[in-house]
Protein chains: 4
Amino acid sequence: MDRSVIDHRSPEFAKLTREILPKLRAVFGTQDGAVIVYPASGTGAWEAALVNVLEPGDRVLSFNSGYFSAGFADAARNLGYAVDEVPLRWGQAIPPAEVEQRLRDDSRSDPYRAVLVVHNETSTGVLSDVAAIRQAVDAAGHNALLIVDAVSSLASVPFCFDKWRVDVGLAGSQKGLMLPPGLGILCAGSRAIEAGDTGGSPRNFFDWRPILRDNAAGFFPYTPATQMLFGLRTALQMLVDEEGLEAVFARHHRLASGVRAAVEAWGLSALCEDPACSSETLTAVVVPKDHDSGNVVDHARDRYGLSLGVGLGHLKDRTFRIGHVGSLNELEVLGTLAVIEMTLEELDIRVAVGAGTEACQRSFLASAAQLVESSSSRDLASAAT
Amino acid sequence: MDRSVIDHRSPEFAKLTREILPKLRAVFGTQDGAVIVYPASGTGAWEAALVNVLEPGDRVLSFNSGYFSAGFADAARNLGYAVDEVPLRWGQAIPPAEVEQRLRDDSRSDPYRAVLVVHNETSTGVLSDVAAIRQAVDAAGHNALLIVDAVSSLASVPFCFDKWRVDVGLAGSQKGLMLPPGLGILCAGSRAIEAGDTGGSPRNFFDWRPILRDNAAGFFPYTPATQMLFGLRTALQMLVDEEGLEAVFARHHRLASGVRAAVEAWGLSALCEDPACSSETLTAVVVPKDHDSGNVVDHARDRYGLSLGVGLGHLKDRTFRIGHVGSLNELEVLGTLAVIEMTLEELDIRVAVGAGTEACQRSFLASAAQLVESSSSRDLASAAT
Amino acid sequence: MDRSVIDHRSPEFAKLTREILPKLRAVFGTQDGAVIVYPASGTGAWEAALVNVLEPGDRVLSFNSGYFSAGFADAARNLGYAVDEVPLRWGQAIPPAEVEQRLRDDSRSDPYRAVLVVHNETSTGVLSDVAAIRQAVDAAGHNALLIVDAVSSLASVPFCFDKWRVDVGLAGSQKGLMLPPGLGILCAGSRAIEAGDTGGSPRNFFDWRPILRDNAAGFFPYTPATQMLFGLRTALQMLVDEEGLEAVFARHHRLASGVRAAVEAWGLSALCEDPACSSETLTAVVVPKDHDSGNVVDHARDRYGLSLGVGLGHLKDRTFRIGHVGSLNELEVLGTLAVIEMTLEELDIRVAVGAGTEACQRSFLASAAQLVESSSSRDLASAAT
Amino acid sequence: MDRSVIDHRSPEFAKLTREILPKLRAVFGTQDGAVIVYPASGTGAWEAALVNVLEPGDRVLSFNSGYFSAGFADAARNLGYAVDEVPLRWGQAIPPAEVEQRLRDDSRSDPYRAVLVVHNETSTGVLSDVAAIRQAVDAAGHNALLIVDAVSSLASVPFCFDKWRVDVGLAGSQKGLMLPPGLGILCAGSRAIEAGDTGGSPRNFFDWRPILRDNAAGFFPYTPATQMLFGLRTALQMLVDEEGLEAVFARHHRLASGVRAAVEAWGLSALCEDPACSSETLTAVVVPKDHDSGNVVDHARDRYGLSLGVGLGHLKDRTFRIGHVGSLNELEVLGTLAVIEMTLEELDIRVAVGAGTEACQRSFLASAAQLVESSSSRDLASAAT
């Protein structure tokens with residue numbers, strides 16, 4: 001990104017656009033979905049996902065399972081849509097059965113136009129099962145659009161836009177795509193595109209129609225965030241061409257498993273209730289009662305230069321959050337855990353110093369051994385044939 | 001901007017915000033106006049300026065004097081406002097008398113809620129007189145808000161938010177602020193803030209209320225474009241602290257005068273009809289009939305690596321545009337003019353090769369001589385006292 | 001360093017030079033010593049230190065205590081000086097008593113003109129005691145110049161050019177000064193300057209006389225490594241103005257102590273024989289017999305992206321080296337140690353996984369507790385007065 | 001170059017070295033010559049070229065035709081060689097006949113061991129004819145090595161190491177290779193390598209033997225200037241792979257011709273006496289008597305931010321120098337000339353303002369027309385066959 005700005009109406013720019021879009025489709029797991037890039041943020045992507053497909057006053061179903069899903073519902077309400085917000089415990093994944101029931105019960109003349117789902121809730125470290133949610137929608141025989149916030153999951157865990165028949169997926173530049181903030185990115189399927197063509201809300205900046213029209217030739221209807229797009233090209237080369245998406249996903253799983261092993265060894269709880277739904281990109285850790293998680297974040301930053309996430313919303317004093325998204329390796333995870341242990345010790349939050357780091361090391365060693373074993377069996381298998 | 005991303009919830013980030021906002025106020029020419037920065041573009045800034053102060057269906061008065069003023073009106077229409085768009089010749093400045101007349105004639109029960117003005121129309125190279133437009137509004141005794149697009153004028157020519165009693169001013173990062181695209185910047189006065197507090201349209205991303213609330217402590221309600229803000233800090237230091245705004249304005253005037261002298265020496269017309277309204281940041285040049293200005297742009301780029309602006313809208317084939325905004329000096333302007341002359345020659349658009357460059361040199365020399373003279377008279381004056 | 005090259009004959013460049021030199025003197029611990037910067041490497045700095053003060057054929061005394069001290073002696077021999085090289089065990093510090101004895105025994109008509117000392121031997125992780133060596137030279141009543149290689153110690157541990165009466169100190173840019181390689185840096189005292197003025201060997205590039213002459217006005221007699229000098233300015237600001245040299249030294253001590261605690265917990269040996277002489281910037285670890293340290297380096301790099309130092313010279317297969325110099329913090333050290341433990345485990349070099357990391361954590365915690373305690377006693381003391 | 005430093009003993013580094021060396025050979029115009037890269041400057045390259053092939057006291061023949069050729073002779077003298085320096089007028093190319101005569105007259109028992117030639121004398125803007133000098137050496141039947149300083153010619157004008165049977169060529173990073181200063185680069189032929197193997201002077205840092213030995217595997221015997229090598233790789237890709245050396249040479253010829261046309265139009269003299277020997281990378285312009293060229297340099301820098309070269313040595317007040325080396329295009333040259341004209345006008349050095357710029361434009365237009373014509377004739381020719 002550290003380069004001269006180029007004219008966004010030049011042939012060189014069109015080439016850049018045409019390199020980026022197919023790789024973004026690969027990241028979203030789609031063949032035919034349309035990818036749209038805005039000079040905005042994830043919050044802007046929320047708005048883009050809504051105003052293109054919803055009419056003013058449309059009803060939507062949403063699930064309050066954390067700070068960001070609550071924010072998504074707020075955005076919809078602020079923009080003039082009628083939001084039915086199902087309260088969940090923060091730490092809970094969206095229960096597909098609940099989705100199915102709510103949609104079965106939806107018998108009004110103006111049925112839900114969309115279901116809003118946050119794939120990975122970064123405030124709680126919980127990953128919901130979009131495939132199961134899609135099945136629930138189907139089982140209810142409901143026609144609602146499935147709109148999925150993948151801000152903190154895209155490019156870190158598998159996202160299967162086509163297979164899950166997502167209607168609109170949305171993300172930002174600053175998580176799995178490893179860039180500074182500044183881009184909102186959407187993926188829209190044919191049902192969504194159609195809804196936008198014939199309806200939607202009054203809109204201008206977030207209208208995807210002129211963007212899709214001009215993108216066909218590699219251009220944008222208004223000034224794009226040129227430098228960010230150069231960065232995006234490089235990030236996509238690293239993810240798709242160099243490391244490979246499968247390897248990126250495996251790496252996130254390996255690192256997240258190590259972090260979870262550490263939290264368990266500390267005798268602390270992850271906020272995520274069901275280990276099967278643990279986020280691969282963030283772990284929210286609950287501090288013991290009588291302690292304030294904000295002190296953990298402050299001490300780690302001031303004393304060790306480590307940036308942990310604060311608790312969000314009503315979890316402000318109860319959790320600190322360990323991010324493990326993007327460009328990250330074993331060394332950085334282990335150093336982070338070791339520093340957290342020292343921080344907890346210095347704040348008199350008693351955990352066995354070294355226990356979590358060691359548990360994480362053992363988790364890494366086991367997964368590496370497994371890798372070796374499985375490739376050995378493959379070798380044996382191929383030797384046998 | 002080439003640095004690590006910092007946590008936008010850290011104290012270091014709050015410090016950054018608090019360094020930027022006062023200097024942005026200085027650039028807008030305001031003491032009390034509230035500055036709001038969005039991770040968006042100039043098009044996003046249009047939207048922010050509208051949705052915060054207008055109710056759905058509100059009537060606005062706009063002037064079609066070029067591609068960007070037409071776009072601003074389109075944005076307002078797309079967002080559901082009723083736009084009365086006064087057609088002007090592209091090349092004409094907004095006539096204050098016309099503003100006054102239209103407002104005097106505005107006798108409907110739902111009067112215009114706002115007047116939309118593009119300060120510097122980059123498609124035509126025309127600078128409208130906002131002070132006179134303000135007087136026209138006052139003379140008509142009309143209550144409409146004055147919303148001014150300063151995208152291509154801010155930080156290059158004087159902008160007097162307080163003196164002109166502008167209600168909302170708006171700009172982007174990529175012109176006078178010398179940054180890559182990626183920020184939309186607003187300045188809102190007390191009447192606008194009040195309108196937003198009690199009304200406005202359904203909005204979320206562009207709602208300035210949570211931003212103003214969180215900015216007070218140096219933070220943002222959602223992820224800001226961190227790297228851009230670092231760049232903005234540096235740009236503001238260069239403009240406000242190092243070169244000084246007065247000197248920046250004087251430089252733009254000197255360089256623009258040189259370009260205009262060249263166009264005249266070529267015997268070509270600037271699109272701007274009234275020389276007194278010439279833009280200080282861009283000159284649009286009309287090519288002779290039987291020639292296509294697109295060829296000029298292509299040849300200059302392909303043969304000489306020079307990036308000229310294409311004609312926009314219906315001016316596509318008739319004008320090419322010479323930008324002279326931002327970080328620019330005499331050498332670059334003179335090299336640009338000399339290359340344009342070679343380009344015109346090679347495309348058989350006959351102008352005297354060298355004539356424009358020389359006229360520009362003489363313009364620069366005269367303005368320098370004037371400078372010397374005026375400082376000498378000051379010296380004499382002070383010697384006399 | 002990521003900026004345009006400026007003219008090295010411009011006033012701006014002179015300003016840069018004049019900012020750098022006083023801070024370099026502070027780093028060397030000198031008031032009056034002359035600092036000279038070459039566009040070269042540490043190897044070039046060796047040569048500069050020799051050719052300016054020695055006549056062809058001059059005798060020098062050197063100590064072979066590692067790969068770099070051996071290289072320094074080789075350089076002297078290659079340049080035509082007569083080197084008496086005292087063999088030491090690699091892992092041993094230079095024994096001051098040996099220095100004194102050798103100088104007492106030096107009764108030839110052409111006595112040693114210089115004693116060559118490597119302050120911190122990076123191949124073995126041993127820090128020699130320059131103050132004691134200076135006393136030994138004095139005790140022997142010998143007139144030899146004291147030439148000290150501080151390549152891997154300068155700006156990381158205290159260097160007291162004036163107090164130790166060093167005659168020539170030398171360093172490079174790529175260790176404690178945290179820059180890429182590309183500069184050779186000397187500090188010369190009055191005896192050395194005098195020797196250079198009246199004698200020395202045939203020389204041109206490394207002749208410090210024209211450099212000292214032109215530096216007085218902020219310039220260089222030939223093209224300097226401009227970008228490196230910009231980087232050097234920033235590095236010196238960070239070390240001298242922001243963190244402060246005392247804090248930098250304390251940090252290196254704290255981090256090095258943690259690494260040493262880990263090596264001990266592993267049950268492995270540091271190559272350094274006397275713990276009191278341990279290097280604060282690098283620890284060389286001996287692998288158990290039957291293992292090849294090269295495998296450790298390869299595995300850590302290929303599997304975990306960790307860059308360890310290989311064994312140098314005859315230690316090639318026996319040691320790997322953990323660098324802890326420059327910009328480094330607790331998190332990075334702990335992550336490094338944890339990864340080394342996994343590497344050792346995977347190579348069947350049995351150490352208790354987690355034991356070293358934990359020992360390092362406890363070392364860090366203890367030093368932090370000490371800090372708190374000592375500042376508390378200070379508080380008590382000042383409360384009492 | 002703006003990237004992390006990598007370990008110079010890693011496989012990734014070896015790959016870098018092996019990409020660079022063959023392209024450097026292409027730039028030198030050699031198949032078999034050995035290229036050696038030092039972390040030093042052009043002055044260091046002089047030294048390297050001398051100490052590897054000359055014995056102490058060896059006689060060399062050199063020609064004083066400018067500041068840099070005088071400096072090269074000084075370097076040789078300082079290093080202990082016996083220099084016969086033929087005085088020439090500064091502005092004169094080395095006359096091949098003089099070379100031949102001097103070598104024919106060389107009848108001492110210790111004949112000249114080398115002839116030192118500066119290919120492009122940057123202080124005077126004169127390019128000597130190395131091919132003719134080689135013929136002169138041959139015609140004299142003399143055995144001296146031909147050592148050629150190509151610091152300001154390499155990669156800008158053709159250099160034919162093999163065809164001209166140069167024995168040692170030398171350059172730096174900061175001219176035609178478009179990098180910051182910091183590398184000294186040599187190309188050595190078989191006679192030179194042989195001389196170095198069996199003789200040469202006492203040397204260490206500049207000894208090319210260990211470098212050639214370690215380079216074979218992609219490494220260096222001591223720390224190289226890693227960042228510079230990354231920059232060098234990119235520069236070589238631009239020159240050799242992207243633009244192509246022939247096109248680079250043609251561009252330098254076109255730009256230099258334009259500058260010369262301007263100087264002629266100004267009625268000023270180039271210092272270079274014989275237009276056929278004009279440098280393609282720099283033009284030294286003589287100011288009229290009664291004027292001081294230093295004022296031109298100062299005014300251009302202070303008033304217009306233009307960096308001209310000062311007069312060097314005894315030409316200090318008489319010439320200013322216009323560099324046209326490296327990454328440069330028509331726009332930059334024309335802007336430079338136009339600013340020089342304004343500078344001269346403001347200093348009352350009377351030239352017709354605009355005349356030089358126009359002459360340069362016409363020169364560019366003519367060379368472009370020629371290009372078109374020659375490619376048309378080629379088209380005609382191929383159409384005819």
# chains A, B, ... in the order shown; residues from 1 in each chain; ligands from 1
>>> select_by_dssp(residues="region 136-356 of chain A", states="strand (DSSP E)", output="number ranges by chain")
A: 145-149, 168-172, 184-188, 269-270, 282-286, 319-323
>>> write_last_selection(atoms="C-alpha atoms", output="mmCIF file, in the first residue's frame")
data_model
loop_
_atom_site.group_PDB
_atom_site.id
_atom_site.type_symbol
_atom_site.label_atom_id
_atom_site.label_comp_id
_atom_site.auth_asym_id
_atom_site.auth_seq_id
_atom_site.Cartn_x
_atom_site.Cartn_y
_atom_site.Cartn_z
ATOM 1 C CA LEU A 145 -33.278 -13.533 2.647
ATOM 2 C CA LEU A 146 -30.310 -14.809 4.632
ATOM 3 C CA ILE A 147 -27.947 -11.913 5.417
ATOM 4 C CA VAL A 148 -24.701 -12.945 7.112
ATOM 5 C CA ASP A 149 -22.154 -10.706 8.829
ATOM 6 C CA VAL A 168 -25.868 -11.337 1.239
ATOM 7 C CA GLY A 169 -22.525 -11.826 2.984
ATOM 8 C CA LEU A 170 -20.594 -8.872 4.350
ATOM 9 C CA ALA A 171 -17.155 -8.171 5.753
ATOM 10 C CA GLY A 172 -14.508 -5.500 6.311
ATOM 11 C CA GLY A 184 -16.683 -2.651 3.466
ATOM 12 C CA ILE A 185 -17.063 -5.739 1.302
ATOM 13 C CA LEU A 186 -20.291 -7.437 0.227
ATOM 14 C CA CYS A 187 -21.162 -10.588 -1.639
ATOM 15 C CA ALA A 188 -24.657 -10.638 -3.113
ATOM 16 C CA SER A 269 -13.940 -20.082 31.552
ATOM 17 C CA ALA A 270 -14.307 -19.075 27.991
ATOM 18 C CA LEU A 282 -11.184 -14.790 19.051
ATOM 19 C CA THR A 283 -11.498 -16.181 22.555
ATOM 20 C CA ALA A 284 -13.347 -14.208 25.237
ATOM 21 C CA VAL A 285 -12.134 -15.140 28.716
ATOM 22 C CA VAL A 286 -14.229 -14.580 31.835
ATOM 23 C CA THR A 319 -14.175 -10.505 29.990
ATOM 24 C CA PHE A 320 -11.002 -9.798 28.169
ATOM 25 C CA ARG A 321 -10.639 -10.981 24.613
ATOM 26 C CA ILE A 322 -7.689 -12.677 22.901
ATOM 27 C CA GLY A 323 -7.726 -12.090 19.160
#
>>> closest_atom_pairs(of="chain C", to="chain A", cutoff="8 Å", atoms="only C-alpha atoms", output="Markdown table")
| residue | atom | partner | partner_atom | distance |
| --- | --- | --- | --- | --- |
| C:Tyr304 | CA | A:Glu330 | CA | 6.8 |
| C:Leu306 | CA | A:Leu331 | CA | 7.8 |
| C:Asn329 | CA | A:Tyr304 | CA | 7.4 |
| C:Glu330 | CA | A:Tyr304 | CA | 6.8 |
| C:Leu331 | CA | A:Gly335 | CA | 4.5 |
| C:Glu332 | CA | A:Gly335 | CA | 5.9 |
| C:Val333 | CA | A:Gly335 | CA | 7.3 |
| C:Leu334 | CA | A:Gly335 | CA | 5.0 |
| C:Gly335 | CA | A:Gly335 | CA | 3.8 |
| C:Thr336 | CA | A:Leu331 | CA | 6.1 |
| C:Ala338 | CA | A:Leu334 | CA | 6.5 |
| C:Val339 | CA | A:Leu331 | CA | 6.0 |
| C:Met342 | CA | A:Gln361 | CA | 6.8 |
| C:Glu346 | CA | A:Leu365 | CA | 7.8 |
| C:Val353 | CA | A:Glu358 | CA | 6.7 |
| C:Gly354 | CA | A:Glu358 | CA | 4.8 |
| C:Ala355 | CA | A:Gly354 | CA | 7.9 |
| C:Thr357 | CA | A:Gly354 | CA | 6.9 |
| C:Glu358 | CA | A:Gly354 | CA | 4.8 |
| C:Gln361 | CA | A:Met342 | CA | 6.8 |
| C:Arg362 | CA | A:Val353 | CA | 8.0 |
| C:Leu365 | CA | A:Met342 | CA | 6.8 |
>>> write_last_selection(atoms="C-alpha atoms", output="compact mmCIF listing (two decimals), in the first residue's frame")
# COMPACT_ATOMS: atom_id res chain seq x y z
CA TYR C 304 7.88 -21.97 13.09
CA LEU C 306 11.81 -18.40 14.00
CA ASN C 329 10.13 -7.16 24.50
CA GLU C 330 8.97 -9.81 26.95
CA LEU C 331 6.32 -11.21 24.63
CA GLU C 332 8.82 -11.86 21.87
CA VAL C 333 11.34 -13.48 24.20
CA LEU C 334 8.71 -15.76 25.76
CA GLY C 335 7.31 -16.75 22.37
CA THR C 336 10.81 -17.50 21.17
CA ALA C 338 8.27 -21.57 23.85
CA VAL C 339 8.94 -22.26 20.17
CA MET C 342 8.65 -27.29 20.80
CA GLU C 346 10.17 -32.45 17.95
CA VAL C 353 8.28 -28.59 27.55
CA GLY C 354 7.20 -25.34 29.19
CA ALA C 355 9.87 -25.41 31.89
CA THR C 357 9.28 -20.48 29.38
CA GLU C 358 7.99 -20.64 32.93
CA GLN C 361 8.28 -15.73 33.24
CA ARG C 362 9.30 -16.09 36.89
CA LEU C 365 8.03 -11.33 37.44
>>> atom_distance(atom1="CA of Ala276 (chain A)", atom2="CA of Ala366 (chain A)")
19.0 Å
>>> residues_around(residues="Ile133 (chain A)", least_positions_apart="5", cutoff="12 Å", atoms="only C-alpha atoms", output="short mmCIF file (atom, residue, chain, number, x, y, z; two decimals) with N, CA, C and O atoms, in the first residue's frame")
data_model
loop_
_atom_site.label_atom_id
_atom_site.label_comp_id
_atom_site.auth_asym_id
_atom_site.auth_seq_id
_atom_site.Cartn_x
_atom_site.Cartn_y
_atom_site.Cartn_z
N PHE A 63 -30.97 -11.88 15.99
CA PHE A 63 -30.68 -12.62 17.22
C PHE A 63 -29.65 -11.84 18.02
O PHE A 63 -28.57 -11.56 17.53
N ALA A 93 -24.50 -19.66 20.86
CA ALA A 93 -24.61 -19.56 19.40
C ALA A 93 -26.08 -19.44 19.03
O ALA A 93 -26.96 -19.73 19.84
N ILE A 94 -26.32 -18.99 17.80
CA ILE A 94 -27.72 -18.91 17.37
C ILE A 94 -28.27 -20.33 17.23
O ILE A 94 -27.71 -21.13 16.48
N PRO A 95 -29.36 -20.70 17.95
CA PRO A 95 -29.88 -22.07 17.88
C PRO A 95 -30.71 -22.25 16.60
O PRO A 95 -31.73 -21.57 16.43
N PRO A 96 -30.30 -23.11 15.69
CA PRO A 96 -31.06 -23.29 14.45
C PRO A 96 -32.52 -23.62 14.71
O PRO A 96 -33.41 -23.15 13.98
N ALA A 97 -32.80 -24.38 15.77
CA ALA A 97 -34.19 -24.74 16.07
C ALA A 97 -35.02 -23.49 16.33
O ALA A 97 -36.18 -23.39 15.92
N GLU A 98 -34.40 -22.52 17.03
CA GLU A 98 -35.09 -21.26 17.30
C GLU A 98 -35.39 -20.51 16.01
O GLU A 98 -36.46 -19.91 15.86
N VAL A 99 -34.41 -20.53 15.11
CA VAL A 99 -34.62 -19.88 13.81
C VAL A 99 -35.82 -20.51 13.12
O VAL A 99 -36.74 -19.82 12.64
N GLU A 100 -35.84 -21.84 13.11
CA GLU A 100 -36.91 -22.56 12.42
C GLU A 100 -38.28 -22.21 13.03
O GLU A 100 -39.23 -21.89 12.34
N GLN A 101 -38.31 -22.26 14.39
CA GLN A 101 -39.58 -22.00 15.07
C GLN A 101 -40.10 -20.59 14.76
O GLN A 101 -41.27 -20.39 14.45
N ARG A 102 -39.18 -19.62 14.89
CA ARG A 102 -39.59 -18.23 14.66
C ARG A 102 -40.14 -18.03 13.24
O ARG A 102 -41.08 -17.27 13.04
N LEU A 103 -39.52 -18.72 12.31
CA LEU A 103 -39.97 -18.55 10.93
C LEU A 103 -41.29 -19.29 10.69
O LEU A 103 -42.16 -18.84 9.94
N VAL A 115 -33.43 -12.59 7.44
CA VAL A 115 -32.89 -13.04 8.71
C VAL A 115 -31.45 -12.53 8.80
O VAL A 115 -30.65 -12.76 7.88
N LEU A 116 -31.14 -11.84 9.89
CA LEU A 116 -29.79 -11.29 10.07
C LEU A 116 -28.98 -12.21 10.99
O LEU A 116 -29.40 -12.48 12.11
N VAL A 117 -27.83 -12.64 10.51
CA VAL A 117 -27.00 -13.57 11.27
C VAL A 117 -25.58 -13.03 11.35
O VAL A 117 -25.01 -12.63 10.33
N VAL A 118 -25.05 -13.00 12.57
CA VAL A 118 -23.61 -12.70 12.70
C VAL A 118 -22.89 -14.03 12.81
O VAL A 118 -23.10 -14.78 13.76
N HIS A 119 -22.06 -14.32 11.81
CA HIS A 119 -21.40 -15.62 11.73
C HIS A 119 -20.51 -15.85 12.94
O HIS A 119 -20.68 -16.80 13.68
N SER A 128 -21.48 -19.16 14.98
CA SER A 128 -22.75 -19.82 14.72
C SER A 128 -22.65 -20.66 13.45
O SER A 128 -21.79 -20.44 12.61
N ASP A 138 -34.93 -23.33 5.44
CA ASP A 138 -35.55 -24.21 4.45
C ASP A 138 -36.63 -25.07 5.09
O ASP A 138 -37.73 -25.23 4.54
N ALA A 139 -36.31 -25.62 6.26
CA ALA A 139 -37.27 -26.50 6.93
C ALA A 139 -38.55 -25.75 7.25
O ALA A 139 -39.66 -26.31 7.20
N ALA A 140 -38.43 -24.46 7.58
CA ALA A 140 -39.62 -23.66 7.87
C ALA A 140 -40.34 -23.25 6.60
O ALA A 140 -41.43 -22.67 6.65
N HIS A 142 -39.58 -20.91 4.64
CA HIS A 142 -39.73 -19.45 4.65
C HIS A 142 -38.87 -18.84 3.54
O HIS A 142 -37.84 -19.36 3.19
N ALA A 144 -37.49 -15.79 3.54
CA ALA A 144 -36.65 -14.65 3.95
C ALA A 144 -35.25 -14.76 3.36
O ALA A 144 -34.71 -15.86 3.19
N LEU A 145 -34.68 -13.59 3.09
CA LEU A 145 -33.28 -13.53 2.65
C LEU A 145 -32.37 -13.83 3.84
O LEU A 145 -32.67 -13.43 4.96
N LEU A 146 -31.27 -14.51 3.57
CA LEU A 146 -30.31 -14.81 4.63
C LEU A 146 -29.12 -13.85 4.49
O LEU A 146 -28.36 -13.92 3.51
N ILE A 147 -29.01 -12.93 5.45
CA ILE A 147 -27.95 -11.91 5.42
C ILE A 147 -26.95 -12.23 6.52
O ILE A 147 -27.33 -12.29 7.70
N VAL A 148 -25.69 -12.46 6.15
CA VAL A 148 -24.70 -12.95 7.11
C VAL A 148 -23.54 -11.98 7.25
O VAL A 148 -22.83 -11.68 6.28
N TRP A 164 -24.16 -22.69 1.23
CA TRP A 164 -25.11 -22.31 2.29
C TRP A 164 -26.24 -21.44 1.73
O TRP A 164 -27.12 -21.01 2.48
N ARG A 165 -26.20 -21.17 0.46
CA ARG A 165 -27.18 -20.26 -0.18
C ARG A 165 -27.40 -18.99 0.65
O ARG A 165 -28.54 -18.64 0.97
N VAL A 166 -26.30 -18.35 0.98
CA VAL A 166 -26.38 -17.03 1.62
C VAL A 166 -26.86 -16.04 0.57
O VAL A 166 -26.51 -16.15 -0.61
#
>>> residues_around(residues="Phe28 (chain C)", least_positions_apart="3", cutoff="10 Å", atoms="only C-alpha atoms", output="list in words")
Pro22, Lys23, Leu24, Arg25, Gln31, Gly33, Val35, Ala150, Leu154, Ala155, Pro158, Phe159, Cys160, Phe161, Asp162, Gly169, Leu170, Ala171, Leu186 and Cys187 of chain C
>>> residues_around(residues="Asn52 (chain D)", least_positions_apart="4", cutoff="10 Å", atoms="only C-alpha atoms", output="JSON, numbers by chain")
{"D": [47, 48, 188, 192, 193, 194, 195, 196, 197, 198, 199, 200, 201, 202, 203, 204, 206, 207, 208, 209]}
>>> atom_distance(atom1="CA of Tyr81 (chain B)", atom2="CA of Pro56 (chain B)")
5.9 Å
>>> atom_distance(atom1="CA of Arg89 (chain B)", atom2="CA of Ser123 (chain B)")
12.2 Å
>>> residues_around(residues="Val296 (chain D)", least_positions_apart="2", cutoff="8 Å", atoms="only C-alpha atoms", output="PDB file with C-alpha atoms, in the first residue's frame")
ATOM      1  CA  ASP D 292      28.607  32.920  -9.841  1.00  0.00           C
ATOM      2  CA  SER D 293      27.130  29.512 -10.654  1.00  0.00           C
ATOM      3  CA  GLY D 294      26.695  28.858  -6.929  1.00  0.00           C
ATOM      4  CA  ASP D 298      21.139  28.150  -4.324  1.00  0.00           C
ATOM      5  CA  HIS D 299      18.302  30.096  -5.934  1.00  0.00           C
ATOM      6  CA  ALA D 300      16.912  27.064  -7.775  1.00  0.00           C
ATOM      7  CA  PHE D 320      26.101  24.360 -12.544  1.00  0.00           C
ATOM      8  CA  THR D 343      16.259  31.192 -12.034  1.00  0.00           C
ATOM      9  CA  LEU D 344      18.638  32.680 -14.580  1.00  0.00           C
ATOM     10  CA  LEU D 347      19.616  36.397 -11.230  1.00  0.00           C
TER      11      LEU D 347
END
>>> select_by_dssp(residues="region 15-79 of chain D", states="alpha helix (DSSP H)", output="PyMOL selection string")
chain D and resi 15-28+42-51+67-78
